[in-house]
Each structure stands twice: as C-alpha cells, then as structure tokens.
Amino acid sequence: MTNKIDNSPVARISALSNSFKDVLKRGQQYVDLLDQLASTTQAEDLLAAAGELTKQDLHNAFINFPQHYQAADYCMLFMGRLLEMHGVTSVAVKENRQHEFVATVDPLTDASFKFVVSDNGEAAFTEQSQQQPLFYMNLNQRLFQFNNRALVNYFIVYALQKHSDLELRDAIKPLIEFANELADDLGFTINLGILNTANDQRFKLQEPDLQLTVIDRLFVKTAETDYMLMNLPHNSGAELLLDQGIKFDLSFDPDDYSQEWAFSVKDPGEQVSFFDILLHYNLVRQWYLADRDALAVRSEQLIIADDEPTTPVTTTVPPEPSEPASATAADDSAPAEPTAPKSADDDETDEEIKHDEDD
C-alpha cells in the first residue's frame, strides 16, 4: 500500500468533476437561501435564511464562484426585510459601489450604517462617520442589545450638533421597533438599555460609590430654572421634578445592603426613557456629560463584545443656556467633535455573555 498522491490525468479530471458537483450543490443551496431571504413573508424563515447565509463558505480550489455578499450584508438584508414586513419605511437599505449593503435612517440623511460582524457571529450596527456601534445582535443565539455608550456618543454628543432633539427621537424609533420585532416575532432576548421606558427600570452606575458633590452640582444647576430637585428620604439620593409629571431620580435603596446607585425615570404613560431625558433636557445633559465618568451606566452584559481599548470620545460640555431648558429644546452650544472609537468596549455598554465582569 502506498500513500503516493495520484496526479494522473484521470485522477485530476475526477477531482475537477467532483469539485464541480460540490460547487453546483452548494450553489443551488445558496440560490435557494437567497430566494428565501428575498421573498419569504415568515419571520422564522427569514431568520433561518439569513443565519445560514452568514455561515456559507463558497470557496473552492478549482472553481471561482461568481460575486456574492458577506455576512454583514445578509444581516443588513435581514434587518431591512423584517422592518419592511412590519411596514417600517424610515430605514432604507441600498447597495453601495463596493457591493456592500448600507442603511440610511430618516431623517439622518447625512449618516450611513453598516453591520460589522465579528468571528463569534455578533453583528454590530455601526454608524460610519463616527464608527459608533449602536446595537449588537447575534442571529444564531437570538440576542440583541443596544450599546448605551455609543447611543450617547453618537446621538447626544455628536448628532445633536446638527439635528434637533425631535429629529433624533424619530431616528431612534425604527431601531427600537426592530428590537421589539425581534422579540415578538422571533423570541429574541433583547436589552433596550437606556432606551427602556418602563418606570421600574433602574440603570445602575458602573462605579459602586458616588461622590455626593456630583448631586450637589445638579442642585446648583437647577437653582435658576423652573425645575425642582428634592432630596429623597434617608439621604438616599435626589429626584428632579420635570414637566408633564416626569420624575428623574439618582438614588440607592436604603434597605439594600449594597446601596448601589442607579438612575430611574418615571412618567405617567411610561413613554420616557433615560435617553429621552438626555436628549430633551439640556440641564440634565450638561450635568451628565460634565461628570460622565462618575455617572456611567453599568452594562447588563447580554452579548459578547470585543474587549479592545477605545479612543475616548471627547465630552466637552456646552455652555449653559441663558433660559431654562424645555422638554423639546435642543439649543445648547455644540460640544467638541468626538474622536471615533474603534470598538464597542467602554464603560457603559460592552456586553459579555456568561461573564460577570461589569463594564
């Protein structure tokens, strides 16, 4: 018996024939999945097609397969189709000159978004000018999470220089709708992060301790406004009374041994999130950005994210307005333009599954 490789013409022809057969078989599977992704009206079939396409390997030693897309493109097509199935038209998905699928979100006509897929299958929906990953999803594990830090970096620090608060609120709506569709249609585990509007939601700070001088600075800022900041019982924090019955708290539970500090937002209709407070109320936004290191929200650690260092985003605080802030005004002076970080790792939202380490 010999281990010599058979390079005879017959062996080579047989290898080429088998290679063609393999390519044709995989090619037919690929075409079927593409047809399913493009035409199905069933969410489960849509997810199955997108998930399989992200794992397709069409490379062959003998055959050069025609142009095909990448995993990031199938994630974008999946998102676009699911939104389309629900009648959401404010997210438009198009192919660029590099044959990549890119999304635009109304009314952010100056911004484009692409998915960036890591080796573990996690797809980050990333704004291209600032390289901010606004959310992560994993199709195979059915997981979705917003990136709190990136939401603040992009919308609060950067985009608010060029858009009104109401425009940015409209831009975030389809992303929230997409998350809810994943949960309702496909049973995804989702984490809305600072976009959660539930009154019982508490956003714990990353740092276990908080210097009370941080709250004192909020008292100083409210002194010349129509808003009232009140001390909570047992010196457990403070509550800012805003308009329309909205209450914004920074507090800890005095009956809890850990006494961990957390933000909470309460409003009669449960329609206002922590993100909305930062977006609409200049008073709170300035205070938060000035002490962002101390006030960073802890990660809920839902999704695996790359643990790479980032270039910090500049959070220069704009000057205070001469008039009290209102729920719809966004007239603060523009903060310094942020430096774009290169990954999702930071103190508010780098999520790691099966890990207990806080962000």
# chains A, B, ... in the order shown; residues from 1 in each chain; ligands from 1
call {"tool": "residues_around", "arguments": {"residues": "A:Gly80", "least_positions_apart": "6", "cutoff": "12 Å", "atoms": "only C-alpha atoms", "output": "list of chain:residue names"}}
result
A:Leu37, A:Ala38, A:Leu46, A:Leu47, A:Ala50, A:Asp73, A:Tyr74, A:His86, A:Gly87, A:Val88, A:Thr89, A:Ser90, A:Val91, A:Ala92, A:Val93, A:Lys94, A:Phe101, A:Val102, A:Ala103, A:Thr104, A:Val105, A:Lys114, A:Pro174, A:Leu175, A:Glu177, A:Phe178, A:Glu181
call {"tool": "select_by_dssp", "arguments": {"residues": "stretch 35-235 of chain A", "states": "helix (DSSP H, G or I)", "output": "ChimeraX atom specification"}}
result
/A:35-39,43-53,71-85,148-161,165-186,193-195,213-222,233-235
call {"tool": "atom_distance", "arguments": {"atom1": "atom CA of A:Leu283", "atom2": "atom CA of A:Thr222"}}
result
7.6 Å
call {"tool": "atom_distance", "arguments": {"atom1": "atom CA of A:Phe203", "atom2": "atom CA of A:Phe274"}}
result
8.5 Å
call {"tool": "atom_distance", "arguments": {"atom1": "atom CA of A:Phe248", "atom2": "atom CA of A:Gln145"}}
result
23.4 Å
call {"tool": "residues_around", "arguments": {"residues": "stretch 133-140 of chain A", "least_positions_apart": "3", "cutoff": "8 Å", "atoms": "only C-alpha atoms", "output": "number ranges by chain"}}
result
A: 47, 50-51, 121-127, 143-148, 150-151, 303, 343-344
call {"tool": "write_last_selection", "arguments": {"atoms": "C-alpha atoms", "output": "mmCIF file, in the first residue's frame"}}
result
data_model
loop_
_atom_site.group_PDB
_atom_site.id
_atom_site.type_symbol
_atom_site.label_atom_id
_atom_site.label_comp_id
_atom_site.auth_asym_id
_atom_site.auth_seq_id
_atom_site.Cartn_x
_atom_site.Cartn_y
_atom_site.Cartn_z
ATOM 1 C CA LEU A 47 -34.095 34.367 10.176
ATOM 2 C CA ALA A 50 -30.064 34.964 6.997
ATOM 3 C CA GLY A 51 -28.456 32.756 9.624
ATOM 4 C CA GLY A 121 -21.107 35.879 14.798
ATOM 5 C CA GLU A 122 -22.018 39.083 16.608
ATOM 6 C CA ALA A 123 -23.133 41.848 14.239
ATOM 7 C CA ALA A 124 -22.658 45.476 15.280
ATOM 8 C CA PHE A 125 -24.893 48.073 13.571
ATOM 9 C CA THR A 126 -22.261 50.761 13.150
ATOM 10 C CA GLU A 127 -22.597 54.417 12.141
ATOM 11 C CA LEU A 143 -29.715 38.034 21.210
ATOM 12 C CA PHE A 144 -29.948 41.797 20.790
ATOM 13 C CA GLN A 145 -28.633 44.691 22.852
ATOM 14 C CA PHE A 146 -28.299 48.432 22.421
ATOM 15 C CA ASN A 147 -24.902 49.954 23.141
ATOM 16 C CA ASN A 148 -25.582 52.650 25.743
ATOM 17 C CA ALA A 150 -22.462 54.506 21.588
ATOM 18 C CA LEU A 151 -26.005 55.900 21.776
ATOM 19 C CA ILE A 303 -23.946 39.956 24.329
ATOM 20 C CA SER A 343 -14.546 49.175 19.085
ATOM 21 C CA ALA A 344 -17.550 48.726 21.325
#
call {"tool": "residues_around", "arguments": {"residues": "A:Asp35", "least_positions_apart": "4", "cutoff": "12 Å", "atoms": "only C-alpha atoms", "output": "MDAnalysis selection string"}}
result
chainID A and resid 28:31 39:41 45:46 49:50 53
call {"tool": "write_last_selection", "arguments": {"atoms": "C-alpha atoms", "output": "short mmCIF file (atom, residue, chain, number, x, y, z; two decimals), in the first residue's frame"}}
result
data_model
loop_
_atom_site.label_atom_id
_atom_site.label_comp_id
_atom_site.auth_asym_id
_atom_site.auth_seq_id
_atom_site.Cartn_x
_atom_site.Cartn_y
_atom_site.Cartn_z
CA GLN A 28 -28.11 25.64 -5.52
CA GLN A 29 -28.34 25.81 -1.73
CA TYR A 30 -27.03 29.36 -1.87
CA VAL A 31 -29.58 30.40 -4.51
CA SER A 39 -39.27 36.63 -0.82
CA THR A 40 -40.44 34.97 2.38
CA THR A 41 -43.13 36.63 4.47
CA ASP A 45 -37.93 31.56 7.50
CA LEU A 46 -36.30 34.96 7.12
CA ALA A 49 -32.12 32.08 5.61
CA ALA A 50 -30.06 34.96 7.00
CA LEU A 53 -26.16 32.69 4.61
#
call {"tool": "select_by_dssp", "arguments": {"residues": "stretch 39-271 of chain A", "states": "strand (DSSP E)", "output": "ChimeraX atom specification"}}
result
/A:91-95,101-105,108-117,123-127,132-138,143-146,189-191,203-204,228-231,237-241,247-251,262-266
call {"tool": "residues_around", "arguments": {"residues": "A:Leu168", "least_positions_apart": "6", "cutoff": "8 Å", "atoms": "only C-alpha atoms", "output": "short mmCIF file (atom, residue, chain, number, x, y, z; two decimals) with C-alpha atoms, in the first residue's frame"}}
result
data_model
loop_
_atom_site.label_atom_id
_atom_site.label_comp_id
_atom_site.auth_asym_id
_atom_site.auth_seq_id
_atom_site.Cartn_x
_atom_site.Cartn_y
_atom_site.Cartn_z
CA PRO A 107 -34.26 61.93 8.96
CA LEU A 108 -30.47 61.41 9.28
CA PHE A 155 -26.79 60.99 19.29
CA ALA A 159 -25.57 64.31 16.12
CA LEU A 160 -27.28 66.84 18.40
#
